[in-house]
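Asker: Please find input08.csv (CSV, C-alpha atoms (C1' of nucleotides)) on the next line:
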```csv
chain,number,residue,atom,x,y,z
A,1,MET,CA,-18.7,125.5,-148.7
A,2,CYS,CA,-21.5,122.9,-148.3
A,3,PRO,CA,-24.0,123.0,-151.2
A,4,SER,CA,-27.0,122.4,-148.9
A,5,ARG,CA,-26.3,125.7,-147.3
A,6,LEU,CA,-27.3,127.4,-150.5
A,7,VAL,CA,-30.5,125.5,-150.6
A,8,LEU,CA,-31.2,126.3,-147.0
A,9,GLU,CA,-30.6,130.0,-147.9
A,10,HIS,CA,-33.2,129.7,-150.7
A,11,VAL,CA,-35.9,128.5,-148.4
A,12,THR,CA,-35.0,130.8,-145.5
A,13,SER,CA,-34.5,133.9,-147.7
A,14,ARG,CA,-36.6,137.0,-147.2
A,15,TRP,CA,-39.1,136.2,-150.0
A,16,GLY,CA,-38.7,132.5,-150.0
A,17,VAL,CA,-40.1,132.2,-146.5
A,18,LEU,CA,-43.2,134.3,-147.4
A,19,VAL,CA,-43.8,132.5,-150.7
A,20,LEU,CA,-43.6,129.0,-149.1
A,21,ILE,CA,-45.9,130.0,-146.3
A,22,ARG,CA,-48.5,131.4,-148.7
A,23,LEU,CA,-48.4,128.4,-150.9
A,24,LEU,CA,-49.0,126.1,-147.9
A,25,GLU,CA,-52.5,127.5,-147.9
A,26,ARG,CA,-53.3,127.0,-151.6
A,27,PRO,CA,-52.0,127.5,-155.1
A,28,TYR,CA,-51.6,131.1,-156.2
A,29,ARG,CA,-51.3,133.0,-159.4
A,30,PHE,CA,-48.4,135.3,-159.9
A,31,SER,CA,-50.1,138.7,-159.3
A,32,GLU,CA,-52.3,137.2,-156.6
A,33,LEU,CA,-49.2,136.0,-154.8
A,34,ARG,CA,-47.7,139.4,-155.2
A,35,ARG,CA,-50.6,141.2,-153.7
A,36,ALA,CA,-50.8,138.6,-150.9
A,37,ILE,CA,-47.2,139.1,-149.9
A,38,GLY,CA,-47.3,142.9,-150.4
A,39,ARG,CA,-44.3,145.1,-151.1
A,40,VAL,CA,-42.4,142.7,-153.2
A,41,SER,CA,-41.3,143.8,-156.7
A,42,GLU,CA,-42.1,141.7,-159.7
A,43,LYS,CA,-38.4,141.1,-160.2
A,44,MET,CA,-37.8,139.6,-156.7
A,45,LEU,CA,-41.0,137.5,-156.7
A,46,SER,CA,-40.1,136.1,-160.2
A,47,GLN,CA,-36.5,135.4,-159.1
A,48,THR,CA,-37.6,133.8,-155.9
A,49,LEU,CA,-40.1,131.6,-157.6
A,50,GLN,CA,-37.6,130.5,-160.2
A,51,THR,CA,-35.1,129.5,-157.6
A,52,LEU,CA,-37.7,127.6,-155.6
A,53,GLU,CA,-38.9,125.9,-158.8
A,54,ARG,CA,-35.4,124.9,-159.8
A,55,ASP,CA,-34.7,123.4,-156.4
A,56,GLY,CA,-37.9,121.4,-156.8
A,57,PHE,CA,-40.0,123.1,-154.1
A,58,VAL,CA,-42.5,124.9,-156.3
A,59,HIS,CA,-44.4,123.7,-159.3
A,60,ARG,CA,-45.1,126.2,-162.0
A,61,ASP,CA,-48.2,125.5,-164.2
A,62,ALA,CA,-48.4,127.9,-167.2
A,63,LYS,CA,-51.7,127.6,-169.0
A,64,PRO,CA,-51.5,128.6,-172.7
A,65,VAL,CA,-54.4,131.0,-172.6
A,66,ILE,CA,-54.9,134.6,-173.3
A,67,PRO,CA,-54.4,136.5,-171.1
A,68,PRO,CA,-51.7,134.2,-169.7
A,69,ARG,CA,-52.4,132.3,-166.5
A,70,VAL,CA,-49.7,130.8,-164.3
A,71,ASP,CA,-50.4,128.9,-161.1
A,72,TYR,CA,-47.8,128.2,-158.5
A,73,SER,CA,-48.1,125.4,-156.0
A,74,LEU,CA,-45.9,123.4,-153.7
A,75,THR,CA,-44.4,120.1,-154.6
A,76,ASP,CA,-44.3,117.3,-152.0
A,77,LEU,CA,-40.7,118.4,-151.2
A,78,GLY,CA,-41.8,122.0,-151.0
A,79,TYR,CA,-44.6,121.1,-148.7
A,80,GLU,CA,-42.3,119.6,-146.2
A,81,ALA,CA,-40.0,122.5,-146.4
A,82,ALA,CA,-42.8,125.0,-146.0
A,83,GLU,CA,-44.2,123.2,-143.0
A,84,GLN,CA,-40.9,123.6,-141.2
A,85,VAL,CA,-40.5,127.1,-142.2
A,86,GLN,CA,-44.0,128.0,-141.0
A,87,ALA,CA,-43.4,126.2,-137.7
A,88,LEU,CA,-40.4,128.4,-137.2
A,89,ALA,CA,-42.3,131.5,-138.1
A,90,VAL,CA,-45.2,130.6,-135.8
A,91,TRP,CA,-42.7,129.9,-133.0
A,92,THR,CA,-41.1,133.3,-133.5
A,93,GLU,CA,-44.4,135.0,-133.3
A,94,GLU,CA,-45.3,133.2,-130.1
A,95,ARG,CA,-41.9,134.3,-128.6
A,96,MET,CA,-42.1,137.9,-129.6
A,97,ARG,CA,-43.0,139.0,-126.1
A,98,GLU,CA,-39.8,137.4,-124.7
A,99,VAL,CA,-37.8,138.9,-127.5
A,100,ALA,CA,-39.1,142.3,-126.8
A,101,GLU,CA,-38.3,141.9,-123.1
A,102,ALA,CA,-34.8,140.7,-123.9
A,103,ARG,CA,-34.3,143.8,-126.1
A,104,ARG,CA,-35.4,146.1,-123.4
A,105,THR,CA,-33.0,144.6,-120.9
A,106,TYR,CA,-30.2,144.7,-123.5
A,107,ASP,CA,-30.8,148.3,-124.5
A,108,GLU,CA,-31.3,149.4,-120.9
A,109,ALA,CA,-28.0,148.0,-119.8
A,110,ARG,CA,-26.3,149.8,-122.7
A,111,SER,CA,-27.9,153.2,-122.1
A,112,VAL,CA,-26.8,153.3,-118.5
A,113,ARG,CA,-23.1,152.9,-119.3
B,1,MET,CA,-44.6,144.9,-141.8
B,2,CYS,CA,-44.8,142.3,-139.0
B,3,PRO,CA,-42.0,142.8,-136.4
B,4,SER,CA,-41.6,139.0,-135.9
B,5,ARG,CA,-40.4,138.8,-139.5
B,6,LEU,CA,-37.3,140.7,-138.5
B,7,VAL,CA,-36.6,138.3,-135.7
B,8,LEU,CA,-37.1,135.4,-138.0
B,9,GLU,CA,-34.6,136.9,-140.4
B,10,HIS,CA,-32.1,137.2,-137.6
B,11,VAL,CA,-32.2,133.5,-136.8
B,12,THR,CA,-32.4,132.4,-140.5
B,13,SER,CA,-29.7,134.8,-141.7
B,14,ARG,CA,-26.6,133.5,-143.3
B,15,TRP,CA,-24.4,133.7,-140.2
B,16,GLY,CA,-27.2,133.4,-137.7
B,17,VAL,CA,-28.0,129.9,-138.8
B,18,LEU,CA,-24.3,128.8,-138.5
B,19,VAL,CA,-23.8,130.4,-135.1
B,20,LEU,CA,-27.0,128.9,-133.6
B,21,ILE,CA,-26.1,125.4,-134.8
B,22,ARG,CA,-22.6,125.6,-133.5
B,23,LEU,CA,-23.7,126.8,-130.1
B,24,LEU,CA,-26.2,123.9,-129.9
B,25,GLU,CA,-23.2,121.7,-129.5
B,26,ARG,CA,-21.5,123.7,-126.7
B,27,PRO,CA,-20.4,127.3,-125.7
B,28,TYR,CA,-17.7,128.9,-127.9
B,29,ARG,CA,-15.3,131.7,-127.5
B,30,PHE,CA,-15.2,134.4,-130.2
B,31,SER,CA,-12.2,133.3,-132.2
B,32,GLU,CA,-13.0,129.6,-131.7
B,33,LEU,CA,-16.4,130.2,-133.2
B,34,ARG,CA,-14.9,132.1,-136.0
B,35,ARG,CA,-12.6,129.2,-136.9
B,36,ALA,CA,-15.4,126.7,-136.5
B,37,ILE,CA,-17.6,128.5,-138.9
B,38,GLY,CA,-14.8,129.4,-141.3
B,39,ARG,CA,-14.8,132.3,-143.8
B,40,VAL,CA,-16.7,134.7,-141.7
B,41,SER,CA,-15.2,138.1,-141.0
B,42,GLU,CA,-14.8,139.5,-137.5
B,43,LYS,CA,-17.2,142.2,-138.4
B,44,MET,CA,-20.0,139.9,-139.4
B,45,LEU,CA,-19.5,137.5,-136.6
B,46,SER,CA,-19.5,140.3,-134.1
B,47,GLN,CA,-22.6,141.8,-135.6
B,48,THR,CA,-24.5,138.5,-135.8
B,49,LEU,CA,-23.7,137.7,-132.1
B,50,GLN,CA,-24.8,141.2,-131.0
B,51,THR,CA,-28.1,140.8,-132.8
B,52,LEU,CA,-28.7,137.4,-131.4
B,53,GLU,CA,-27.8,138.5,-128.0
B,54,ARG,CA,-30.1,141.5,-128.1
B,55,ASP,CA,-33.0,139.3,-129.2
B,56,GLY,CA,-32.3,137.1,-126.3
B,57,PHE,CA,-31.1,134.0,-128.1
B,58,VAL,CA,-27.4,134.2,-127.1
B,59,HIS,CA,-25.8,134.8,-123.8
B,60,ARG,CA,-22.5,136.7,-123.7
B,61,ASP,CA,-20.2,136.1,-120.8
B,62,ALA,CA,-17.2,138.4,-120.8
B,63,LYS,CA,-14.6,137.4,-118.2
B,64,PRO,CA,-12.5,140.4,-116.9
B,65,VAL,CA,-9.2,138.7,-117.4
B,66,ILE,CA,-6.1,139.5,-119.5
B,67,PRO,CA,-6.1,138.5,-122.2
B,68,PRO,CA,-9.8,139.0,-122.6
B,69,ARG,CA,-12.0,135.9,-122.7
B,70,VAL,CA,-15.6,135.9,-123.9
B,71,ASP,CA,-17.9,132.9,-124.0
B,72,TYR,CA,-21.0,132.7,-126.0
B,73,SER,CA,-23.8,130.3,-125.3
B,74,LEU,CA,-27.5,129.7,-126.0
B,75,THR,CA,-30.2,130.9,-123.8
B,76,ASP,CA,-33.3,128.7,-123.3
B,77,LEU,CA,-35.0,130.7,-126.0
B,78,GLY,CA,-32.0,130.4,-128.3
B,79,TYR,CA,-31.8,126.7,-127.7
B,80,GLU,CA,-35.4,126.3,-128.9
B,81,ALA,CA,-34.7,128.4,-132.0
B,82,ALA,CA,-31.4,126.6,-132.7
B,83,GLU,CA,-33.1,123.2,-132.6
B,84,GLN,CA,-35.6,124.1,-135.2
B,85,VAL,CA,-33.0,125.7,-137.4
B,86,GLN,CA,-30.8,122.7,-137.1
B,87,ALA,CA,-33.8,120.4,-137.9
B,88,LEU,CA,-34.4,122.4,-141.1
B,89,ALA,CA,-30.7,122.3,-142.0
B,90,VAL,CA,-30.6,118.5,-141.4
B,91,TRP,CA,-33.7,118.0,-143.5
B,92,THR,CA,-32.2,120.0,-146.3
B,93,GLU,CA,-29.0,117.9,-146.3
B,94,GLU,CA,-31.1,114.8,-146.4
B,95,ARG,CA,-33.0,116.1,-149.4
B,96,MET,CA,-30.0,117.3,-151.4
B,97,ARG,CA,-30.2,114.3,-153.7
B,98,GLU,CA,-33.8,115.2,-154.7
B,99,VAL,CA,-32.9,118.9,-155.1
B,100,ALA,CA,-30.0,118.0,-157.4
B,101,GLU,CA,-32.3,115.8,-159.4
B,102,ALA,CA,-34.9,118.6,-159.7
B,103,ARG,CA,-32.2,121.0,-160.9
B,104,ARG,CA,-31.1,118.6,-163.6
B,105,THR,CA,-34.6,118.3,-164.8
B,106,TYR,CA,-35.1,122.0,-164.7
B,107,ASP,CA,-31.9,122.9,-166.5
B,108,GLU,CA,-32.4,120.1,-169.0
B,109,ALA,CA,-35.8,121.4,-170.0
B,110,ARG,CA,-34.4,124.9,-170.5
B,111,SER,CA,-31.3,123.9,-172.5
B,112,VAL,CA,-33.5,122.0,-175.0
B,113,ARG,CA,-35.7,125.0,-175.9
C,1,DC,C1',-51.3,138.7,-167.3
C,2,DG,C1',-46.8,137.4,-166.4
C,3,DG,C1',-43.0,138.2,-167.0
C,4,DT,C1',-37.8,140.2,-168.7
C,5,DA,C1',-34.2,144.0,-169.3
C,6,DT,C1',-32.0,147.8,-167.7
C,7,DC,C1',-30.4,151.0,-164.6
C,8,DC,C1',-29.8,152.8,-160.2
C,9,DA,C1',-29.9,153.0,-154.9
C,10,DA,C1',-29.2,150.7,-150.7
C,11,DA,C1',-27.6,147.1,-147.9
C,12,DA,C1',-24.6,143.4,-146.9
C,13,DG,C1',-20.1,141.9,-146.5
C,14,DG,C1',-14.9,141.7,-146.6
C,15,DA,C1',-10.0,143.5,-145.7
C,16,DT,C1',-7.2,146.1,-143.1
C,17,DA,C1',-5.7,148.8,-139.4
C,18,DC,C1',-6.2,149.9,-134.8
C,19,DT,C1',-7.5,149.6,-129.5
C,20,DG,C1',-8.4,148.2,-124.5
D,1,DC,C1',-8.1,138.0,-127.3
D,2,DA,C1',-12.0,140.3,-128.7
D,3,DG,C1',-13.5,143.4,-130.6
D,4,DT,C1',-14.3,148.6,-133.3
D,5,DA,C1',-13.6,151.8,-137.2
D,6,DT,C1',-12.9,152.7,-141.8
D,7,DC,C1',-13.0,152.0,-146.5
D,8,DC,C1',-14.1,149.6,-150.3
D,9,DT,C1',-16.5,145.8,-153.2
D,10,DT,C1',-20.2,142.8,-154.0
D,11,DT,C1',-24.8,141.7,-153.7
D,12,DT,C1',-29.6,142.7,-153.1
D,13,DG,C1',-33.5,145.0,-154.2
D,14,DG,C1',-36.6,148.5,-156.3
D,15,DA,C1',-38.5,151.4,-160.3
D,16,DT,C1',-39.3,151.8,-164.8
D,17,DA,C1',-40.0,150.5,-169.4
D,18,DC,C1',-41.0,147.1,-172.5
D,19,DC,C1',-42.6,142.3,-174.6
D,20,DG,C1',-45.3,137.9,-175.9
```
Hey, can you dump this file as structure tokens for me?

Answerer:
Amino acid sequence: MCPSRLVLEHVTSRWGVLVLIRLLERPYRFSELRRAIGRVSEKMLSQTLQTLERDGFVHRDAKPVIPPRVDYSLTDLGYEAAEQVQALAVWTEERMREVAEARRTYDEARSVR
Amino acid sequence: MCPSRLVLEHVTSRWGVLVLIRLLERPYRFSELRRAIGRVSEKMLSQTLQTLERDGFVHRDAKPVIPPRVDYSLTDLGYEAAEQVQALAVWTEERMREVAEARRTYDEARSVR
DNA sequence: CGGTATCCAAAAGGATACTG
DNA sequence: CAGTATCCTTTTGGATACCG
């Protein structure tokens, strides 16, 4: 299987999408990002950030202070990815009315049979 | 949670992406699509197509002949979605060299410590 | 604060058999 | 041919406890 498919899956993954879109706005700290996204476990957020960092989409800046402070931001590569993902997310929102209509038609046809 | 997120997940899902990109090229029959994608079970392909059809992205045309013949194609809505998904897939492929380089750097830094 | 480790529940996904 | 049904395996994700 094509290796780029795995990278694409990283950026289009459930939490990957949300992280990228948030970081498009500005850098975030770990807990801040967690609150902003909502209903994401520490484990998944941590895992998602590590994957995106390893692929070169996210930059991790850990300041050696107490208490610890870690800022996450987009790299240039991540910025490009995030813009496209956001465009798709925005497009989807704009088309929700049509999707809802398609679903009604689909469900309707099935309930009759 | 936002309902459009679910729709976005449908189009960016593992098999959803591959189906949309294939159908961008031309209509496909079920088995044909399965062979084209490769390594997808009947169950998952069927499920993916049903979801995309219900959301209004894919049109299903079942001809009442024996043996059965079913053609799948993109709707106008699906075409728009597929184009964006493909753009993201193409972008990812083009950036694979940078991703690979980022990974080497990341893994290198970790193995030293 | 920003994680990791562990364990468990839930969901996704595959293989096979079967049907109209 | 184009699926559905069933069963099973794998992966994903959450909760909790703990650490530097």

Asker: Separation of CA of Gln86 in chain B and CA of Gly16 in chain B, in Å?

Answerer: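 Distance between the two atoms: 11.3 Å.
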
Asker: Compute the chain A side of the contact with chain C at 10 Å, counting all atoms listed in the file, and hand it back as a PyMOL selection string.

Answerer: chain A and resi 29-31+42-43+46+62+65-70

Asker: I need the contact residues of chain D against chain A, so if you could list those with any atom within 9 Å, counting only C-alpha atoms (C1' of nucleotides), and return them as a ChimeraX atom specification, that would help.

Answerer: /D:13-15

Asker: When you get a sec, could you note down which chain B residues fall within 6 Å of chain A, using all atoms listed in the file, as a PDB file with C-alpha atoms, in the frame of the given file?

Answerer:
```
ATOM      1  CA  SER B   4     -41.600 139.000-135.900  1.00  0.00           C
ATOM      2  CA  THR B  12     -32.400 132.400-140.500  1.00  0.00           C
ATOM      3  CA  ARG B  54     -30.100 141.500-128.100  1.00  0.00           C
ATOM      4  CA  ASP B  55     -33.000 139.300-129.200  1.00  0.00           C
ATOM      5  CA  GLY B  56     -32.300 137.100-126.300  1.00  0.00           C
ATOM      6  CA  GLU B  93     -29.000 117.900-146.300  1.00  0.00           C
ATOM      7  CA  VAL B  99     -32.900 118.900-155.100  1.00  0.00           C
ATOM      8  CA  ALA B 102     -34.900 118.600-159.700  1.00  0.00           C
ATOM      9  CA  ARG B 103     -32.200 121.000-160.900  1.00  0.00           C
ATOM     10  CA  TYR B 106     -35.100 122.000-164.700  1.00  0.00           C
TER      11      TYR B 106
END
```

Asker: Rounded to one decimal place, report the CA of Asp76 in chain B-CA of Val58 in chain B distance in Å.

Answerer: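 CA of Val58 in chain B lies at a distance of 8.9 Å from CA of Asp76 in chain B.
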
Asker: Distance CA of Ala36 in chain B-C1' of DT10 in chain D, one decimal place?

Answerer: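 Taking CA of Ala36 in chain B and C1' of DT10 in chain D, their separation equals 24.3 Å.
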
Asker: Can you give me chain B superposed onto chain A, least-squares on all Cα in order, written as an mmCIF file with C-alpha atoms, in the coordinates of the input?

Answerer:
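Result went into superposed_29.cif, see below:
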```cif
data_model
loop_
_atom_site.group_PDB
_atom_site.id
_atom_site.type_symbol
_atom_site.label_atom_id
_atom_site.label_comp_id
_atom_site.auth_asym_id
_atom_site.auth_seq_id
_atom_site.Cartn_x
_atom_site.Cartn_y
_atom_site.Cartn_z
ATOM 1 C CA MET B 1 -18.651 125.420 -148.620
ATOM 2 C CA CYS B 2 -21.475 122.870 -148.218
ATOM 3 C CA PRO B 3 -23.917 122.979 -151.197
ATOM 4 C CA SER B 4 -26.946 122.303 -148.913
ATOM 5 C CA ARG B 5 -26.285 125.672 -147.285
ATOM 6 C CA LEU B 6 -27.283 127.350 -150.511
ATOM 7 C CA VAL B 7 -30.513 125.441 -150.632
ATOM 8 C CA LEU B 8 -31.210 126.306 -147.066
ATOM 9 C CA GLU B 9 -30.684 129.958 -147.870
ATOM 10 C CA HIS B 10 -33.165 129.688 -150.690
ATOM 11 C CA VAL B 11 -35.953 128.473 -148.433
ATOM 12 C CA THR B 12 -35.018 130.825 -145.512
ATOM 13 C CA SER B 13 -34.508 133.890 -147.711
ATOM 14 C CA ARG B 14 -36.580 136.940 -147.201
ATOM 15 C CA TRP B 15 -39.075 136.236 -149.988
ATOM 16 C CA GLY B 16 -38.649 132.495 -149.974
ATOM 17 C CA VAL B 17 -40.078 132.201 -146.514
ATOM 18 C CA LEU B 18 -43.177 134.324 -147.452
ATOM 19 C CA VAL B 19 -43.826 132.468 -150.693
ATOM 20 C CA LEU B 20 -43.551 128.988 -149.095
ATOM 21 C CA ILE B 21 -45.961 129.919 -146.297
ATOM 22 C CA ARG B 22 -48.479 131.390 -148.637
ATOM 23 C CA LEU B 23 -48.437 128.387 -150.916
ATOM 24 C CA LEU B 24 -48.985 126.099 -147.888
ATOM 25 C CA GLU B 25 -52.451 127.506 -147.796
ATOM 26 C CA ARG B 26 -53.298 126.956 -151.499
ATOM 27 C CA PRO B 27 -51.939 127.541 -155.102
ATOM 28 C CA TYR B 28 -51.550 131.200 -156.174
ATOM 29 C CA ARG B 29 -51.263 132.974 -159.419
ATOM 30 C CA PHE B 30 -48.352 135.400 -159.906
ATOM 31 C CA SER B 31 -50.060 138.701 -159.276
ATOM 32 C CA GLU B 32 -52.300 137.226 -156.558
ATOM 33 C CA LEU B 33 -49.215 136.091 -154.724
ATOM 34 C CA ARG B 34 -47.647 139.414 -155.173
ATOM 35 C CA ARG B 35 -50.619 141.171 -153.563
ATOM 36 C CA ALA B 36 -50.799 138.598 -150.807
ATOM 37 C CA ILE B 37 -47.242 139.109 -149.843
ATOM 38 C CA GLY B 38 -47.304 142.871 -150.344
ATOM 39 C CA ARG B 39 -44.282 145.116 -151.044
ATOM 40 C CA VAL B 40 -42.397 142.690 -153.127
ATOM 41 C CA SER B 41 -41.288 143.731 -156.589
ATOM 42 C CA GLU B 42 -42.054 141.705 -159.700
ATOM 43 C CA LYS B 43 -38.399 141.141 -160.128
ATOM 44 C CA MET B 44 -37.854 139.605 -156.741
ATOM 45 C CA LEU B 45 -40.963 137.561 -156.777
ATOM 46 C CA SER B 46 -40.118 136.198 -160.171
ATOM 47 C CA GLN B 47 -36.603 135.406 -159.110
ATOM 48 C CA THR B 48 -37.615 133.750 -155.828
ATOM 49 C CA LEU B 49 -40.199 131.511 -157.638
ATOM 50 C CA GLN B 50 -37.627 130.516 -160.295
ATOM 51 C CA THR B 51 -35.154 129.510 -157.619
ATOM 52 C CA LEU B 52 -37.690 127.571 -155.699
ATOM 53 C CA GLU B 53 -38.919 125.909 -158.750
ATOM 54 C CA ARG B 54 -35.458 124.885 -159.878
ATOM 55 C CA ASP B 55 -34.742 123.368 -156.465
ATOM 56 C CA GLY B 56 -37.878 121.419 -156.785
ATOM 57 C CA PHE B 57 -39.944 123.046 -154.069
ATOM 58 C CA VAL B 58 -42.456 124.868 -156.328
ATOM 59 C CA HIS B 59 -44.403 123.675 -159.260
ATOM 60 C CA ARG B 60 -45.142 126.135 -162.073
ATOM 61 C CA ASP B 61 -48.155 125.519 -164.217
ATOM 62 C CA ALA B 62 -48.400 127.909 -167.135
ATOM 63 C CA LYS B 63 -51.739 127.650 -168.953
ATOM 64 C CA PRO B 64 -51.515 128.604 -172.713
ATOM 65 C CA VAL B 65 -54.443 130.939 -172.608
ATOM 66 C CA ILE B 66 -54.879 134.673 -173.330
ATOM 67 C CA PRO B 67 -54.419 136.458 -171.118
ATOM 68 C CA PRO B 68 -51.685 134.314 -169.694
ATOM 69 C CA ARG B 69 -52.423 132.414 -166.483
ATOM 70 C CA VAL B 70 -49.751 130.834 -164.300
ATOM 71 C CA ASP B 71 -50.360 128.882 -161.119
ATOM 72 C CA TYR B 72 -47.788 128.186 -158.561
ATOM 73 C CA SER B 73 -48.027 125.412 -156.042
ATOM 74 C CA LEU B 74 -45.913 123.313 -153.663
ATOM 75 C CA THR B 75 -44.402 120.087 -154.602
ATOM 76 C CA ASP B 76 -44.241 117.285 -151.990
ATOM 77 C CA LEU B 77 -40.722 118.382 -151.215
ATOM 78 C CA GLY B 78 -41.761 122.022 -150.993
ATOM 79 C CA TYR B 79 -44.644 121.154 -148.752
ATOM 80 C CA GLU B 80 -42.244 119.513 -146.282
ATOM 81 C CA ALA B 81 -39.933 122.540 -146.371
ATOM 82 C CA ALA B 82 -42.844 125.002 -146.083
ATOM 83 C CA GLU B 83 -44.170 123.251 -142.979
ATOM 84 C CA GLN B 84 -40.959 123.563 -141.132
ATOM 85 C CA VAL B 85 -40.510 127.154 -142.162
ATOM 86 C CA GLN B 86 -43.995 127.966 -141.102
ATOM 87 C CA ALA B 87 -43.413 126.150 -137.741
ATOM 88 C CA LEU B 88 -40.346 128.352 -137.154
ATOM 89 C CA ALA B 89 -42.260 131.492 -138.146
ATOM 90 C CA VAL B 90 -45.151 130.541 -135.791
ATOM 91 C CA TRP B 91 -42.740 129.870 -132.962
ATOM 92 C CA THR B 92 -41.105 133.208 -133.482
ATOM 93 C CA GLU B 93 -44.455 135.053 -133.325
ATOM 94 C CA GLU B 94 -45.252 133.221 -130.157
ATOM 95 C CA ARG B 95 -41.962 134.289 -128.629
ATOM 96 C CA MET B 96 -42.109 137.946 -129.650
ATOM 97 C CA ARG B 97 -43.054 138.998 -126.139
ATOM 98 C CA GLU B 98 -39.856 137.415 -124.713
ATOM 99 C CA VAL B 99 -37.719 138.885 -127.529
ATOM 100 C CA ALA B 100 -39.104 142.365 -126.834
ATOM 101 C CA GLU B 101 -38.369 141.901 -123.177
ATOM 102 C CA ALA B 102 -34.779 140.787 -123.924
ATOM 103 C CA ARG B 103 -34.269 143.852 -126.124
ATOM 104 C CA ARG B 104 -35.421 146.166 -123.371
ATOM 105 C CA THR B 105 -33.012 144.608 -121.014
ATOM 106 C CA TYR B 106 -30.244 144.770 -123.516
ATOM 107 C CA ASP B 107 -30.799 148.372 -124.517
ATOM 108 C CA GLU B 108 -31.344 149.396 -120.912
ATOM 109 C CA ALA B 109 -27.994 148.010 -119.857
ATOM 110 C CA ARG B 110 -26.251 149.860 -122.685
ATOM 111 C CA SER B 111 -27.951 153.245 -122.169
ATOM 112 C CA VAL B 112 -26.862 153.254 -118.493
ATOM 113 C CA ARG B 113 -23.124 152.873 -119.221
#
```
